[in-house]
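**Q** Dropping a structure here in C-alpha cells format, bear with me for questions.
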Amino acid sequence: MTRDEQVAPPVPYRPGYEVVAEQILQLIAELALRPGDRMPTEHELAARMGTSRTVVREAVKILSALGRVRAHKGRGLYVSDDEGMLGASPWGAFFLPADLDHVYKLFEFRRIQETAASRLAAANATPAELRAIEAAAETCRHGHVSGESTLFDRGDDEFHLGIAAASHNQFLVAAVREARRLQRQSNIIGMSGSIGGHAAGAIEEHTAIYRAIRDGDPEAAARAAATHLDNTLEDYRREIQRRLFGQ
C-alpha cells in the first residue's frame, strides 16, 4: 500500500447534541446575532441542521449552561446577554470552541493576561486575598485527590479569579473571567469534557504561583503562571493528538 493509499485516521466520535451545539454557535456568528437577539426556533434549528428537535433541545441545554443561549418558555431562544468583558462580551460572537486555532489563540491570550495578573498580585495582594488564593488552591487539591471533578473545577476557577482580584485591576478581573468561560465551553463542546490529564501537575503549579505571590516576587509569579498555562496547553495538544491519531 502506497502512502497515498493509506487509510486516513478515523474521525473521533462526537455525540450529536455536541455537534449541533457547535453548529448553533456557528449560526449565531453567521447571522451576526448580538446579545439579546432572538434566535431561530427549535423547529427551525432542527430543519436547518437536519436533526431532531430532541437533539437540538439537548444542545440548547448545554449552551444555556455555558451562558451562550437563553431559553424563555413560551417566548423562544435568545442569544445570552449575560455580562462579559466590559459589559456584553464581543468575544462570544466569534469564538468557536471546537476550532483549534481559536483554542490556541485563547491560550495565548490567557498567558498574557494571567502572567500580568500574577505579577501585579505579587505586588498588591492583601493578607485576605492571599488566604483566598491559598484556600482555592487547597480546594483544587482536595478535588483532585478525592476524584471530585466539580470540586476541582470550582477551586481552579476560584484560584485564577482570586489572583486576578489580587491584581487590583478590574479590567484583568473581567478578562480572566471571560477567557475562563470561553475555555470551559471548549472543554465541554470541543473536547467532550475529556481534558484533565494535567490535573496533578496543575496542583503543584498552583502552589508555585501562590508561593511567589505570597513572597512578593512579581517575576517569579509571572514565570510560574506562564509555566502553568504552557503545560495546560500541552495537555490540550496531547488530547487532540489522541483523538485524531489514537496516540
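Ligands are numbered from 1 in the order shown, chains are lettered A, B, ... in the order of the C-alpha cells, and residues start at 1 in each chain.
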Mind listing the alpha helix (DSSP H) residues of range 14-243 of chain A, per DSSP on the backbone, as an MDAnalysis selection string?
**A** chainID A and resid 16:30 42:49 53:65 100:124 127:146 149:166 170:185 199:214 218:243
**Q** Which residues, written as number ranges by chain, have at least one atom at most 8 Å from range 137-144 of chain A, with only C-alpha atoms counted and residues fewer than 2 positions away on the same chain left out?
**A** A: 133-135, 146-156, 159, 199-200, 203, 206-207
**Q** Please produce a file of those selected residues containing C-alpha atoms, as an mmCIF file, in the first residue's frame.
**A**
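Output (selection_29.cif):
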data_model
loop_
_atom_site.group_PDB
_atom_site.id
_atom_site.type_symbol
_atom_site.label_atom_id
_atom_site.label_comp_id
_atom_site.auth_asym_id
_atom_site.auth_seq_id
_atom_site.Cartn_x
_atom_site.Cartn_y
_atom_site.Cartn_z
ATOM 1 C CA ILE A 133 -5.864 32.190 46.849
ATOM 2 C CA GLU A 134 -4.371 29.594 49.200
ATOM 3 C CA ALA A 135 -7.825 28.256 50.106
ATOM 4 C CA SER A 146 -10.943 12.816 46.085
ATOM 5 C CA GLY A 147 -11.757 12.470 42.389
ATOM 6 C CA GLU A 148 -14.457 15.155 42.614
ATOM 7 C CA SER A 149 -14.056 16.934 39.283
ATOM 8 C CA THR A 150 -16.690 19.546 40.144
ATOM 9 C CA LEU A 151 -14.758 20.497 43.280
ATOM 10 C CA PHE A 152 -11.501 20.624 41.320
ATOM 11 C CA ASP A 153 -13.067 22.910 38.697
ATOM 12 C CA ARG A 154 -14.524 25.190 41.376
ATOM 13 C CA GLY A 155 -11.172 25.512 43.106
ATOM 14 C CA ASP A 156 -9.430 26.129 39.793
ATOM 15 C CA PHE A 159 -7.728 30.280 42.242
ATOM 16 C CA ALA A 199 -4.554 17.907 36.996
ATOM 17 C CA ALA A 200 -1.771 16.538 39.233
ATOM 18 C CA ILE A 203 -1.839 21.335 41.676
ATOM 19 C CA HIS A 206 -0.755 26.405 41.630
ATOM 20 C CA THR A 207 1.438 26.033 44.707
#
**Q** Leaving out Ala225 in chain A and any residue of its chain fewer than 2 positions from it, which residues lie within 8 Å of it when counting only C-alpha atoms, given as a list of chain:residue names?
**A**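 Non-adjacent residues within range: A:Arg111, A:Glu114, A:Thr115, A:Ser118, A:Glu205, A:Ile209, A:Ala221, A:Ala222, A:Arg223, A:Thr227, A:His228, A:Leu229.
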**Q** Please produce a file of the residues just selected, as a PDB file, in the first residue's frame, where the atoms kept are C-alpha atoms.
**A**
ATOM      1  CA  ARG A 111      -0.915  33.542  29.057  1.00  0.00           C
ATOM      2  CA  GLU A 114      -2.589  35.766  33.721  1.00  0.00           C
ATOM      3  CA  THR A 115       1.150  36.413  33.812  1.00  0.00           C
ATOM      4  CA  SER A 118       0.177  37.214  38.812  1.00  0.00           C
ATOM      5  CA  GLU A 205       1.968  24.661  39.630  1.00  0.00           C
ATOM      6  CA  ILE A 209       2.298  30.558  41.749  1.00  0.00           C
ATOM      7  CA  ALA A 221       4.952  34.738  39.960  1.00  0.00           C
ATOM      8  CA  ALA A 222       4.782  35.644  36.270  1.00  0.00           C
ATOM      9  CA  ARG A 223       7.153  32.797  35.335  1.00  0.00           C
ATOM     10  CA  THR A 227       4.654  27.623  33.033  1.00  0.00           C
ATOM     11  CA  HIS A 228       1.189  26.648  34.249  1.00  0.00           C
ATOM     12  CA  LEU A 229      -0.536  27.956  31.093  1.00  0.00           C
TER      13      LEU A 229
END
**Q** Skipping near chain neighbours, those fewer than 2 positions away, what residues fall within 10 Å of Val103 in chain A using only C-alpha atoms, listed as a ChimeraX atom specification?
**A** /A:95-101,105-109,182-183,186-187,190,233,236
**Q** Considering only C-alpha atoms, can you say which of A:Val69, A:Met39, A:Ala132, A:Leu172 comes closest to Ala117 in chain A?
**A**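 Residue with the minimum atom-to-atom distance to Ala117 in chain A: A:Leu172.
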